[in-house]
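Listing of data.cif; format and content: mmCIF, N, CA and C atoms.
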data_coords
#
loop_
_atom_site.label_atom_id
_atom_site.label_comp_id
_atom_site.auth_asym_id
_atom_site.auth_seq_id
_atom_site.Cartn_x
_atom_site.Cartn_y
_atom_site.Cartn_z
N LEU A 1 96.15 -13.02 -163.84
CA LEU A 1 96.03 -14.29 -163.17
C LEU A 1 95.82 -14.13 -161.66
N PRO A 2 96.49 -13.17 -161.01
CA PRO A 2 96.27 -13.03 -159.56
C PRO A 2 94.83 -12.67 -159.19
N SER A 3 94.09 -12.09 -160.11
CA SER A 3 92.72 -11.69 -159.79
C SER A 3 91.66 -12.67 -160.28
N VAL A 4 92.07 -13.81 -160.84
CA VAL A 4 91.09 -14.72 -161.44
C VAL A 4 90.08 -15.25 -160.43
N ALA A 5 90.48 -15.55 -159.21
CA ALA A 5 89.54 -16.06 -158.21
C ALA A 5 88.49 -15.00 -157.87
N LEU A 6 88.90 -13.76 -157.74
CA LEU A 6 87.96 -12.69 -157.45
C LEU A 6 87.00 -12.45 -158.61
N ARG A 7 87.52 -12.48 -159.83
CA ARG A 7 86.68 -12.29 -161.01
C ARG A 7 85.70 -13.44 -161.16
N TYR A 8 86.15 -14.66 -160.92
CA TYR A 8 85.30 -15.84 -161.04
C TYR A 8 84.15 -15.76 -160.03
N GLU A 9 84.47 -15.40 -158.80
CA GLU A 9 83.45 -15.29 -157.75
C GLU A 9 82.44 -14.19 -158.09
N ALA A 10 82.94 -13.05 -158.57
CA ALA A 10 82.04 -11.95 -158.93
C ALA A 10 81.13 -12.34 -160.09
N SER A 11 81.69 -13.03 -161.06
CA SER A 11 80.91 -13.47 -162.22
C SER A 11 79.86 -14.50 -161.81
N ASP A 12 80.23 -15.41 -160.93
CA ASP A 12 79.28 -16.42 -160.43
C ASP A 12 78.13 -15.75 -159.69
N ARG A 13 78.45 -14.85 -158.80
CA ARG A 13 77.42 -14.16 -158.01
C ARG A 13 76.48 -13.36 -158.93
N ALA A 14 77.04 -12.63 -159.87
CA ALA A 14 76.24 -11.83 -160.80
C ALA A 14 75.42 -12.73 -161.72
N GLY A 15 76.01 -13.82 -162.18
CA GLY A 15 75.30 -14.75 -163.05
C GLY A 15 74.09 -15.36 -162.37
N ARG A 16 74.25 -15.75 -161.12
CA ARG A 16 73.11 -16.33 -160.38
C ARG A 16 72.00 -15.31 -160.19
N GLU A 17 72.37 -14.09 -159.86
CA GLU A 17 71.37 -13.04 -159.66
C GLU A 17 70.64 -12.74 -160.97
N LEU A 18 71.39 -12.61 -162.04
CA LEU A 18 70.79 -12.31 -163.34
C LEU A 18 69.91 -13.47 -163.82
N ALA A 19 70.36 -14.69 -163.64
CA ALA A 19 69.58 -15.87 -164.04
C ALA A 19 68.28 -15.93 -163.25
N ALA A 20 68.33 -15.68 -161.96
CA ALA A 20 67.12 -15.70 -161.14
C ALA A 20 66.14 -14.62 -161.60
N TRP A 21 66.66 -13.44 -161.90
CA TRP A 21 65.81 -12.36 -162.38
C TRP A 21 65.18 -12.72 -163.73
N LEU A 22 65.96 -13.28 -164.63
CA LEU A 22 65.42 -13.68 -165.92
C LEU A 22 64.33 -14.73 -165.77
N GLY A 23 64.44 -15.56 -164.75
CA GLY A 23 63.42 -16.57 -164.49
C GLY A 23 62.07 -15.99 -164.12
N THR A 24 62.03 -14.72 -163.75
CA THR A 24 60.76 -14.06 -163.40
C THR A 24 60.14 -13.37 -164.61
N ARG A 25 60.85 -13.33 -165.70
CA ARG A 25 60.38 -12.59 -166.89
C ARG A 25 59.43 -13.46 -167.73
N PRO A 26 58.32 -12.86 -168.21
CA PRO A 26 57.38 -13.63 -169.02
C PRO A 26 57.95 -14.07 -170.38
N GLU A 27 58.99 -13.40 -170.85
CA GLU A 27 59.59 -13.76 -172.13
C GLU A 27 60.43 -15.04 -172.03
N VAL A 28 60.77 -15.43 -170.80
CA VAL A 28 61.66 -16.57 -170.58
C VAL A 28 60.84 -17.79 -170.15
N ALA A 29 60.98 -18.87 -170.91
CA ALA A 29 60.26 -20.10 -170.60
C ALA A 29 61.00 -20.95 -169.58
N ARG A 30 62.34 -20.89 -169.61
CA ARG A 30 63.12 -21.74 -168.71
C ARG A 30 64.53 -21.17 -168.55
N VAL A 31 65.05 -21.27 -167.33
CA VAL A 31 66.43 -20.90 -167.05
C VAL A 31 67.23 -22.18 -166.86
N LEU A 32 68.36 -22.27 -167.53
CA LEU A 32 69.26 -23.42 -167.41
C LEU A 32 70.56 -22.94 -166.78
N HIS A 33 70.61 -23.04 -165.47
CA HIS A 33 71.79 -22.63 -164.70
C HIS A 33 72.16 -23.81 -163.81
N PRO A 34 73.38 -24.31 -163.89
CA PRO A 34 73.74 -25.52 -163.15
C PRO A 34 73.57 -25.42 -161.64
N ALA A 35 73.61 -24.22 -161.08
CA ALA A 35 73.46 -24.07 -159.63
C ALA A 35 71.99 -24.11 -159.19
N PHE A 36 71.07 -24.10 -160.15
CA PHE A 36 69.65 -24.12 -159.82
C PHE A 36 69.17 -25.57 -159.83
N GLU A 37 68.45 -25.97 -158.79
CA GLU A 37 67.99 -27.35 -158.67
C GLU A 37 67.11 -27.78 -159.83
N SER A 38 66.44 -26.86 -160.48
CA SER A 38 65.56 -27.19 -161.59
C SER A 38 66.32 -27.50 -162.89
N CYS A 39 67.60 -27.30 -162.88
CA CYS A 39 68.41 -27.49 -164.09
C CYS A 39 68.85 -28.95 -164.22
N PRO A 40 68.68 -29.54 -165.41
CA PRO A 40 69.20 -30.89 -165.62
C PRO A 40 70.72 -30.90 -165.36
N GLY A 41 71.19 -31.90 -164.69
CA GLY A 41 72.61 -31.99 -164.38
C GLY A 41 73.00 -31.31 -163.08
N HIS A 42 72.03 -30.72 -162.37
CA HIS A 42 72.34 -30.01 -161.14
C HIS A 42 73.03 -30.91 -160.11
N ALA A 43 72.56 -32.14 -159.95
CA ALA A 43 73.14 -33.04 -158.95
C ALA A 43 74.61 -33.29 -159.25
N HIS A 44 74.94 -33.50 -160.50
CA HIS A 44 76.35 -33.70 -160.89
C HIS A 44 77.15 -32.43 -160.61
N TRP A 45 76.60 -31.28 -160.99
CA TRP A 45 77.28 -30.01 -160.74
C TRP A 45 77.54 -29.83 -159.24
N LYS A 46 76.52 -30.08 -158.43
CA LYS A 46 76.64 -29.88 -156.99
C LYS A 46 77.68 -30.82 -156.37
N ALA A 47 77.80 -32.03 -156.92
CA ALA A 47 78.77 -32.99 -156.40
C ALA A 47 80.20 -32.64 -156.79
N THR A 48 80.37 -31.87 -157.85
CA THR A 48 81.72 -31.61 -158.35
C THR A 48 82.15 -30.15 -158.33
N CYS A 49 81.22 -29.23 -158.10
CA CYS A 49 81.53 -27.81 -158.21
C CYS A 49 81.03 -27.02 -157.01
N THR A 50 81.58 -25.86 -156.84
CA THR A 50 81.10 -24.94 -155.81
C THR A 50 80.65 -23.62 -156.41
N ALA A 51 81.03 -23.36 -157.64
CA ALA A 51 80.64 -22.13 -158.33
C ALA A 51 80.39 -22.45 -159.80
N ALA A 52 79.74 -21.53 -160.49
CA ALA A 52 79.36 -21.77 -161.88
C ALA A 52 79.86 -20.67 -162.82
N ALA A 53 80.74 -19.83 -162.34
CA ALA A 53 81.14 -18.66 -163.11
C ALA A 53 79.86 -17.90 -163.47
N GLY A 54 79.82 -17.25 -164.57
CA GLY A 54 78.62 -16.51 -164.96
C GLY A 54 77.95 -17.15 -166.16
N LEU A 55 78.13 -18.44 -166.33
CA LEU A 55 77.60 -19.13 -167.50
C LEU A 55 76.23 -19.73 -167.22
N PHE A 56 75.26 -19.40 -168.08
CA PHE A 56 73.95 -20.01 -168.01
C PHE A 56 73.22 -19.72 -169.31
N SER A 57 72.09 -20.39 -169.50
CA SER A 57 71.28 -20.18 -170.69
C SER A 57 69.83 -19.99 -170.29
N VAL A 58 69.08 -19.39 -171.17
CA VAL A 58 67.64 -19.30 -171.01
C VAL A 58 66.98 -19.76 -172.29
N MET A 59 65.80 -20.32 -172.14
CA MET A 59 64.96 -20.64 -173.29
C MET A 59 63.94 -19.52 -173.39
N ILE A 60 63.99 -18.80 -174.50
CA ILE A 60 63.00 -17.76 -174.74
C ILE A 60 61.69 -18.45 -175.12
N ASP A 61 60.59 -17.95 -174.58
CA ASP A 61 59.28 -18.55 -174.82
C ASP A 61 59.06 -18.78 -176.31
N PRO A 62 58.54 -19.95 -176.69
CA PRO A 62 58.39 -20.28 -178.11
C PRO A 62 57.42 -19.38 -178.89
N ARG A 63 56.65 -18.56 -178.19
CA ARG A 63 55.78 -17.62 -178.92
C ARG A 63 56.60 -16.57 -179.66
N HIS A 64 57.89 -16.45 -179.29
CA HIS A 64 58.79 -15.51 -179.95
C HIS A 64 59.61 -16.27 -181.00
N SER A 65 59.66 -15.74 -182.18
CA SER A 65 60.37 -16.38 -183.29
C SER A 65 61.88 -16.27 -183.11
N SER A 66 62.59 -17.09 -183.86
CA SER A 66 64.06 -17.01 -183.86
C SER A 66 64.51 -15.63 -184.31
N ALA A 67 63.80 -15.05 -185.25
CA ALA A 67 64.14 -13.70 -185.73
C ALA A 67 63.97 -12.67 -184.61
N GLN A 68 62.94 -12.83 -183.79
CA GLN A 68 62.75 -11.92 -182.66
C GLN A 68 63.86 -12.10 -181.63
N VAL A 69 64.26 -13.34 -181.39
CA VAL A 69 65.34 -13.60 -180.43
C VAL A 69 66.65 -13.00 -180.96
N ASP A 70 66.90 -13.14 -182.25
CA ASP A 70 68.09 -12.51 -182.84
C ASP A 70 68.04 -10.99 -182.66
N ALA A 71 66.86 -10.40 -182.87
CA ALA A 71 66.69 -8.96 -182.69
C ALA A 71 66.91 -8.56 -181.23
N PHE A 72 66.46 -9.40 -180.30
CA PHE A 72 66.70 -9.17 -178.88
C PHE A 72 68.20 -9.11 -178.58
N VAL A 73 68.94 -10.10 -179.06
CA VAL A 73 70.39 -10.12 -178.82
C VAL A 73 71.05 -8.92 -179.49
N ASP A 74 70.62 -8.59 -180.70
CA ASP A 74 71.18 -7.43 -181.40
C ASP A 74 70.89 -6.13 -180.67
N ALA A 75 69.76 -6.05 -179.94
CA ALA A 75 69.38 -4.83 -179.24
C ALA A 75 70.13 -4.62 -177.93
N LEU A 76 70.85 -5.63 -177.46
CA LEU A 76 71.61 -5.50 -176.23
C LEU A 76 72.75 -4.51 -176.44
N LYS A 77 72.95 -3.64 -175.47
CA LYS A 77 74.00 -2.63 -175.58
C LYS A 77 75.24 -2.97 -174.75
N LEU A 78 75.06 -3.63 -173.62
CA LEU A 78 76.19 -3.97 -172.75
C LEU A 78 76.75 -5.35 -173.04
N PHE A 79 75.93 -6.23 -173.55
CA PHE A 79 76.36 -7.59 -173.88
C PHE A 79 76.90 -7.58 -175.31
N ARG A 80 78.05 -8.16 -175.48
CA ARG A 80 78.57 -8.37 -176.84
C ARG A 80 78.10 -9.74 -177.30
N ILE A 81 78.13 -9.95 -178.60
CA ILE A 81 77.77 -11.25 -179.15
C ILE A 81 79.05 -12.07 -179.26
N GLY A 82 79.05 -13.26 -178.63
CA GLY A 82 80.24 -14.07 -178.73
C GLY A 82 80.22 -15.27 -177.81
N TYR A 83 81.20 -16.13 -178.03
CA TYR A 83 81.39 -17.36 -177.26
C TYR A 83 82.62 -17.18 -176.38
N SER A 84 82.45 -17.36 -175.10
CA SER A 84 83.58 -17.30 -174.18
C SER A 84 83.05 -17.52 -172.78
N TRP A 85 83.94 -17.48 -171.81
CA TRP A 85 83.54 -17.45 -170.41
C TRP A 85 84.68 -16.92 -169.58
N ALA A 86 84.31 -16.42 -168.42
CA ALA A 86 85.24 -15.90 -167.42
C ALA A 86 85.95 -14.64 -167.86
N GLY A 87 85.44 -13.96 -168.85
CA GLY A 87 86.01 -12.69 -169.26
C GLY A 87 85.33 -11.54 -168.54
N PRO A 88 85.88 -10.34 -168.62
CA PRO A 88 85.32 -9.20 -167.91
C PRO A 88 84.10 -8.59 -168.59
N VAL A 89 83.85 -8.95 -169.83
CA VAL A 89 82.75 -8.38 -170.60
C VAL A 89 81.65 -9.42 -170.77
N SER A 90 80.40 -9.01 -170.55
CA SER A 90 79.28 -9.93 -170.70
C SER A 90 79.01 -10.22 -172.17
N LEU A 91 78.64 -11.47 -172.43
CA LEU A 91 78.38 -11.94 -173.79
C LEU A 91 77.03 -12.64 -173.86
N ALA A 92 76.44 -12.64 -175.04
CA ALA A 92 75.20 -13.37 -175.30
C ALA A 92 75.27 -13.91 -176.71
N VAL A 93 74.68 -15.09 -176.91
CA VAL A 93 74.60 -15.67 -178.24
C VAL A 93 73.34 -16.54 -178.32
N PRO A 94 72.54 -16.34 -179.38
CA PRO A 94 71.34 -17.17 -179.55
C PRO A 94 71.67 -18.48 -180.26
N TYR A 95 70.91 -19.51 -179.92
CA TYR A 95 71.04 -20.81 -180.56
C TYR A 95 69.64 -21.30 -180.92
N ASP A 96 69.47 -21.79 -182.12
CA ASP A 96 68.25 -22.47 -182.51
C ASP A 96 68.54 -23.97 -182.36
N LEU A 97 68.28 -24.52 -181.18
CA LEU A 97 68.65 -25.91 -180.90
C LEU A 97 68.01 -26.89 -181.88
N ALA A 98 66.74 -26.70 -182.17
CA ALA A 98 66.07 -27.63 -183.09
C ALA A 98 66.72 -27.57 -184.47
N GLY A 99 67.10 -26.38 -184.91
CA GLY A 99 67.75 -26.24 -186.20
C GLY A 99 69.15 -26.83 -186.22
N MET A 100 69.83 -26.80 -185.08
CA MET A 100 71.19 -27.31 -184.99
C MET A 100 71.23 -28.82 -184.81
N ARG A 101 70.25 -29.35 -184.08
CA ARG A 101 70.28 -30.76 -183.72
C ARG A 101 69.13 -31.56 -184.30
N GLY A 102 68.22 -30.91 -184.99
CA GLY A 102 67.07 -31.60 -185.55
C GLY A 102 65.92 -31.71 -184.58
N THR A 103 66.22 -31.65 -183.30
CA THR A 103 65.20 -31.70 -182.26
C THR A 103 65.76 -31.02 -181.01
N SER A 104 64.87 -30.61 -180.13
CA SER A 104 65.29 -29.97 -178.89
C SER A 104 64.39 -30.44 -177.76
N PRO A 105 64.97 -30.72 -176.60
CA PRO A 105 64.13 -31.12 -175.46
C PRO A 105 63.35 -29.94 -174.88
N TYR A 106 63.71 -28.73 -175.29
CA TYR A 106 63.07 -27.53 -174.76
C TYR A 106 62.48 -26.72 -175.90
N PRO A 107 61.23 -26.31 -175.78
CA PRO A 107 60.66 -25.45 -176.82
C PRO A 107 61.22 -24.03 -176.71
N GLY A 108 61.33 -23.37 -177.83
CA GLY A 108 61.82 -22.00 -177.85
C GLY A 108 63.24 -21.92 -178.37
N THR A 109 63.78 -20.73 -178.29
CA THR A 109 65.15 -20.47 -178.73
C THR A 109 66.03 -20.22 -177.52
N LEU A 110 67.17 -20.85 -177.49
CA LEU A 110 68.10 -20.74 -176.37
C LEU A 110 69.00 -19.52 -176.56
N VAL A 111 69.24 -18.79 -175.49
CA VAL A 111 70.24 -17.72 -175.48
C VAL A 111 71.22 -18.06 -174.36
N ARG A 112 72.49 -18.14 -174.73
CA ARG A 112 73.56 -18.46 -173.77
C ARG A 112 74.20 -17.15 -173.32
N PHE A 113 74.38 -17.02 -172.01
CA PHE A 113 74.98 -15.83 -171.44
C PHE A 113 76.28 -16.17 -170.73
N SER A 114 77.21 -15.28 -170.83
CA SER A 114 78.43 -15.29 -170.02
C SER A 114 78.48 -13.92 -169.37
N VAL A 115 78.31 -13.88 -168.06
CA VAL A 115 78.23 -12.61 -167.34
C VAL A 115 79.63 -12.17 -166.93
N GLY A 116 79.94 -10.94 -167.26
CA GLY A 116 81.25 -10.36 -166.95
C GLY A 116 81.22 -9.60 -165.64
N LEU A 117 81.87 -8.46 -165.64
CA LEU A 117 82.05 -7.70 -164.40
C LEU A 117 81.24 -6.41 -164.35
N GLU A 118 80.30 -6.23 -165.28
CA GLU A 118 79.46 -5.05 -165.24
C GLU A 118 78.51 -5.12 -164.04
N ALA A 119 77.95 -4.00 -163.66
CA ALA A 119 76.98 -3.96 -162.56
C ALA A 119 75.72 -4.72 -162.97
N VAL A 120 75.23 -5.57 -162.08
CA VAL A 120 74.04 -6.39 -162.38
C VAL A 120 72.84 -5.51 -162.70
N ALA A 121 72.67 -4.41 -162.00
CA ALA A 121 71.54 -3.52 -162.27
C ALA A 121 71.61 -2.99 -163.71
N ASP A 122 72.80 -2.69 -164.18
CA ASP A 122 72.96 -2.21 -165.57
C ASP A 122 72.65 -3.32 -166.56
N LEU A 123 73.07 -4.56 -166.26
CA LEU A 123 72.78 -5.68 -167.15
C LEU A 123 71.28 -5.96 -167.20
N LYS A 124 70.61 -5.91 -166.05
CA LYS A 124 69.16 -6.10 -166.01
C LYS A 124 68.45 -5.05 -166.85
N ALA A 125 68.86 -3.80 -166.70
CA ALA A 125 68.25 -2.71 -167.47
C ALA A 125 68.47 -2.93 -168.97
N ASP A 126 69.65 -3.38 -169.34
CA ASP A 126 69.94 -3.64 -170.74
C ASP A 126 69.06 -4.77 -171.28
N LEU A 127 68.95 -5.85 -170.53
CA LEU A 127 68.09 -6.97 -170.95
C LEU A 127 66.63 -6.54 -171.05
N ALA A 128 66.17 -5.75 -170.09
CA ALA A 128 64.77 -5.29 -170.09
C ALA A 128 64.49 -4.41 -171.31
N GLN A 129 65.41 -3.50 -171.64
CA GLN A 129 65.15 -2.64 -172.79
C GLN A 129 65.17 -3.45 -174.09
N ALA A 130 66.06 -4.42 -174.19
CA ALA A 130 66.14 -5.26 -175.40
C ALA A 130 64.89 -6.13 -175.54
N MET A 131 64.38 -6.66 -174.42
CA MET A 131 63.16 -7.45 -174.45
C MET A 131 61.97 -6.58 -174.87
N ALA A 132 61.89 -5.39 -174.32
CA ALA A 132 60.79 -4.48 -174.66
C ALA A 132 60.83 -4.11 -176.15
N GLN A 133 62.01 -4.00 -176.67
CA GLN A 133 62.18 -3.61 -178.07
C GLN A 133 61.88 -4.77 -179.02
N ALA A 134 62.33 -5.97 -178.70
CA ALA A 134 62.31 -7.07 -179.68
C ALA A 134 61.32 -8.20 -179.37
N LEU A 135 60.95 -8.39 -178.10
CA LEU A 135 60.11 -9.53 -177.72
C LEU A 135 58.73 -9.05 -177.26
N ARG A 136 58.04 -8.41 -178.16
CA ARG A 136 56.71 -7.86 -177.82
C ARG A 136 55.64 -8.89 -178.05
#

Target format structure tokens, applied to this file:
Amino acid sequence: LPSVALRYEASDRAGRELAAWLGTRPEVARVLHPAFESCPGHAHWKATCTAAAGLFSVMIDPRHSSAQVDAFVDALKLFRIGYSWAGPVSLAVPYDLAGMRGTSPYPGTLVRFSVGLEAVADLKADLAQAMAQALR
């Protein structure tokens, strides 16, 4: 508990950097990070928050199938598969929004990330190798 503020700040900083980097990738159609002005709900987030922890999502370009997105998540070595936030270990989980809700405002498959305390350069390398392996 005494280190939660430091961990939260580190996770927020790493999450923003990783989300911005993912936004430059051709495999990613959209980044959904509350601290980014392009994200729906940003104005509400900005009015009520100062940090976002390491939580954000990306929409993988719809040219990639749900099976390819699952293979991408499975190929990650540093990210575990799971639901959580503010933990020391980075997590990823794919969602087929259209399959879950019948419709989706965003084309493609969503992957939700929770960034832990690993080095951002290592997380980027892990994401890049998984994309090269599964999202060709």

Item to check | Nearby residues (all atoms listed in the file) at most 8 Å from Pro34 of chain A, same-chain spacing under 5 positions excluded, as JSON, numbers by chain | outcome: {"A": [39, 40, 41, 42, 43, 44, 45, 46, 51, 52, 55, 56, 57]}

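Interatomic distance, atom N of Met59 of chain A to atom C of Leu32 of chain A: 7.6 Å.
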
Once the PyMOL selection byres ((chain A and resi 63) around 8) has been applied to the shown file, what residues remain in the selection, as a CSV table (one decimal) with N, CA and C atoms, keeping the file's coordinate frame?
chain,number,residue,atom,x,y,z
A,60,ILE,N,64.0,-18.8,-174.5
A,60,ILE,CA,63.0,-17.8,-174.7
A,60,ILE,C,61.7,-18.4,-175.1
A,61,ASP,N,60.6,-18.0,-174.6
A,61,ASP,CA,59.3,-18.6,-174.8
A,61,ASP,C,59.1,-18.8,-176.3
A,62,PRO,N,58.5,-20.0,-176.7
A,62,PRO,CA,58.4,-20.3,-178.1
A,62,PRO,C,57.4,-19.4,-178.9
A,64,HIS,N,57.9,-16.4,-179.3
A,64,HIS,CA,58.8,-15.5,-180.0
A,64,HIS,C,59.6,-16.3,-181.0
A,65,SER,N,59.7,-15.7,-182.2
A,65,SER,CA,60.4,-16.4,-183.3
A,65,SER,C,61.9,-16.3,-183.1
A,66,SER,N,62.6,-17.1,-183.9
A,66,SER,CA,64.1,-17.0,-183.9
A,66,SER,C,64.5,-15.6,-184.3
A,107,PRO,N,61.2,-26.3,-175.8
A,107,PRO,CA,60.7,-25.4,-176.8
A,107,PRO,C,61.2,-24.0,-176.7
A,108,GLY,N,61.3,-23.4,-177.8
A,108,GLY,CA,61.8,-22.0,-177.8
A,108,GLY,C,63.2,-21.9,-178.4
A,109,THR,N,63.8,-20.7,-178.3
A,109,THR,CA,65.2,-20.5,-178.7
A,109,THR,C,66.0,-20.2,-177.5
A,136,ARG,N,58.0,-8.4,-178.2
A,136,ARG,CA,56.7,-7.9,-177.8
A,136,ARG,C,55.6,-8.9,-178.0

Checklist entry - Counting all atoms listed in the file, what is within 8 Å of Tyr83 of chain A, bar same-chain residues fewer than 5 positions away, as a ChimeraX atom specification? => result /A:91-93,114

Checklist entry - How would you write, as a ChimeraX atom specification, the residues chosen by the PyMOL selection byres (((chain A and resi 87 and name CA) around 9) and name CA) on this structure? => result /A:7-8,11,84-86,88-91,114-117

Item to check | For atom C of Glu118 of chain A and atom CA of Ala14 of chain A, the interatomic separation in Å (one decimal) | outcome: 7.8 Å

5 Å per side around segment 38-52 of chain A: axis-aligned box centre and edge lengths, as JSON:
{"center_x": 73.9, "center_y": -27.2, "center_z": -160.7, "size_x": 26.6, "size_y": 23.0, "size_z": 19.8}

Reconstructed N, CA, C and O atoms for segment 77-95 of chain A, given as a JSON list (two decimals), in the frame of the given file:
[["chain", "number", "residue", "atom", "x", "y", "z"],
["A", 77, "LYS", "N", 72.95, -3.64, -175.47],
["A", 77, "LYS", "CA", 74.00, -2.63, -175.58],
["A", 77, "LYS", "C", 75.24, -2.97, -174.75],
["A", 77, "LYS", "O", 76.35, -2.63, -175.13],
["A", 78, "LEU", "N", 75.06, -3.63, -173.62],
["A", 78, "LEU", "CA", 76.19, -3.97, -172.75],
["A", 78, "LEU", "C", 76.75, -5.35, -173.04],
["A", 78, "LEU", "O", 77.92, -5.63, -172.76],
["A", 79, "PHE", "N", 75.93, -6.23, -173.55],
["A", 79, "PHE", "CA", 76.36, -7.59, -173.88],
["A", 79, "PHE", "C", 76.90, -7.58, -175.31],
["A", 79, "PHE", "O", 76.25, -7.09, -176.23],
["A", 80, "ARG", "N", 78.05, -8.16, -175.48],
["A", 80, "ARG", "CA", 78.57, -8.37, -176.84],
["A", 80, "ARG", "C", 78.10, -9.74, -177.30],
["A", 80, "ARG", "O", 77.74, -10.60, -176.50],
["A", 81, "ILE", "N", 78.13, -9.95, -178.60],
["A", 81, "ILE", "CA", 77.77, -11.25, -179.15],
["A", 81, "ILE", "C", 79.05, -12.07, -179.26],
["A", 81, "ILE", "O", 80.04, -11.62, -179.84],
["A", 82, "GLY", "N", 79.05, -13.26, -178.63],
["A", 82, "GLY", "CA", 80.24, -14.07, -178.73],
["A", 82, "GLY", "C", 80.22, -15.27, -177.81],
["A", 82, "GLY", "O", 79.36, -15.40, -176.95],
["A", 83, "TYR", "N", 81.20, -16.13, -178.03],
["A", 83, "TYR", "CA", 81.39, -17.36, -177.26],
["A", 83, "TYR", "C", 82.62, -17.18, -176.38],
["A", 83, "TYR", "O", 83.70, -16.91, -176.88],
["A", 84, "SER", "N", 82.45, -17.36, -175.10],
["A", 84, "SER", "CA", 83.58, -17.30, -174.18],
["A", 84, "SER", "C", 83.05, -17.52, -172.78],
["A", 84, "SER", "O", 81.87, -17.71, -172.57],
["A", 85, "TRP", "N", 83.94, -17.48, -171.81],
["A", 85, "TRP", "CA", 83.54, -17.45, -170.41],
["A", 85, "TRP", "C", 84.68, -16.92, -169.58],
["A", 85, "TRP", "O", 85.83, -16.92, -169.99],
["A", 86, "ALA", "N", 84.31, -16.42, -168.42],
["A", 86, "ALA", "CA", 85.24, -15.90, -167.42],
["A", 86, "ALA", "C", 85.95, -14.64, -167.86],
["A", 86, "ALA", "O", 86.95, -14.25, -167.28],
["A", 87, "GLY", "N", 85.44, -13.96, -168.85],
["A", 87, "GLY", "CA", 86.01, -12.69, -169.26],
["A", 87, "GLY", "C", 85.33, -11.54, -168.54],
["A", 87, "GLY", "O", 84.29, -11.71, -167.91],
["A", 88, "PRO", "N", 85.88, -10.34, -168.62],
["A", 88, "PRO", "CA", 85.32, -9.20, -167.91],
["A", 88, "PRO", "C", 84.10, -8.59, -168.59],
["A", 88, "PRO", "O", 83.39, -7.81, -167.97],
["A", 89, "VAL", "N", 83.85, -8.95, -169.83],
["A", 89, "VAL", "CA", 82.75, -8.38, -170.60],
["A", 89, "VAL", "C", 81.65, -9.42, -170.77],
["A", 89, "VAL", "O", 81.92, -10.57, -171.12],
["A", 90, "SER", "N", 80.40, -9.01, -170.55],
["A", 90, "SER", "CA", 79.28, -9.93, -170.70],
["A", 90, "SER", "C", 79.01, -10.22, -172.17],
["A", 90, "SER", "O", 79.14, -9.34, -173.03],
["A", 91, "LEU", "N", 78.64, -11.47, -172.43],
["A", 91, "LEU", "CA", 78.38, -11.94, -173.79],
["A", 91, "LEU", "C", 77.03, -12.64, -173.86],
["A", 91, "LEU", "O", 76.56, -13.20, -172.87],
["A", 92, "ALA", "N", 76.44, -12.64, -175.04],
["A", 92, "ALA", "CA", 75.20, -13.37, -175.30],
["A", 92, "ALA", "C", 75.27, -13.91, -176.71],
["A", 92, "ALA", "O", 75.85, -13.29, -177.60],
["A", 93, "VAL", "N", 74.68, -15.09, -176.91],
["A", 93, "VAL", "CA", 74.60, -15.67, -178.24],
["A", 93, "VAL", "C", 73.34, -16.54, -178.32],
["A", 93, "VAL", "O", 73.08, -17.33, -177.42],
["A", 94, "PRO", "N", 72.54, -16.34, -179.38],
["A", 94, "PRO", "CA", 71.34, -17.17, -179.55],
["A", 94, "PRO", "C", 71.67, -18.48, -180.26],
["A", 94, "PRO", "O", 72.59, -18.54, -181.08],
["A", 95, "TYR", "N", 70.91, -19.51, -179.92],
["A", 95, "TYR", "CA", 71.04, -20.81, -180.56],
["A", 95, "TYR", "C", 69.64, -21.30, -180.92],
["A", 95, "TYR", "O", 68.75, -21.29, -180.08]]
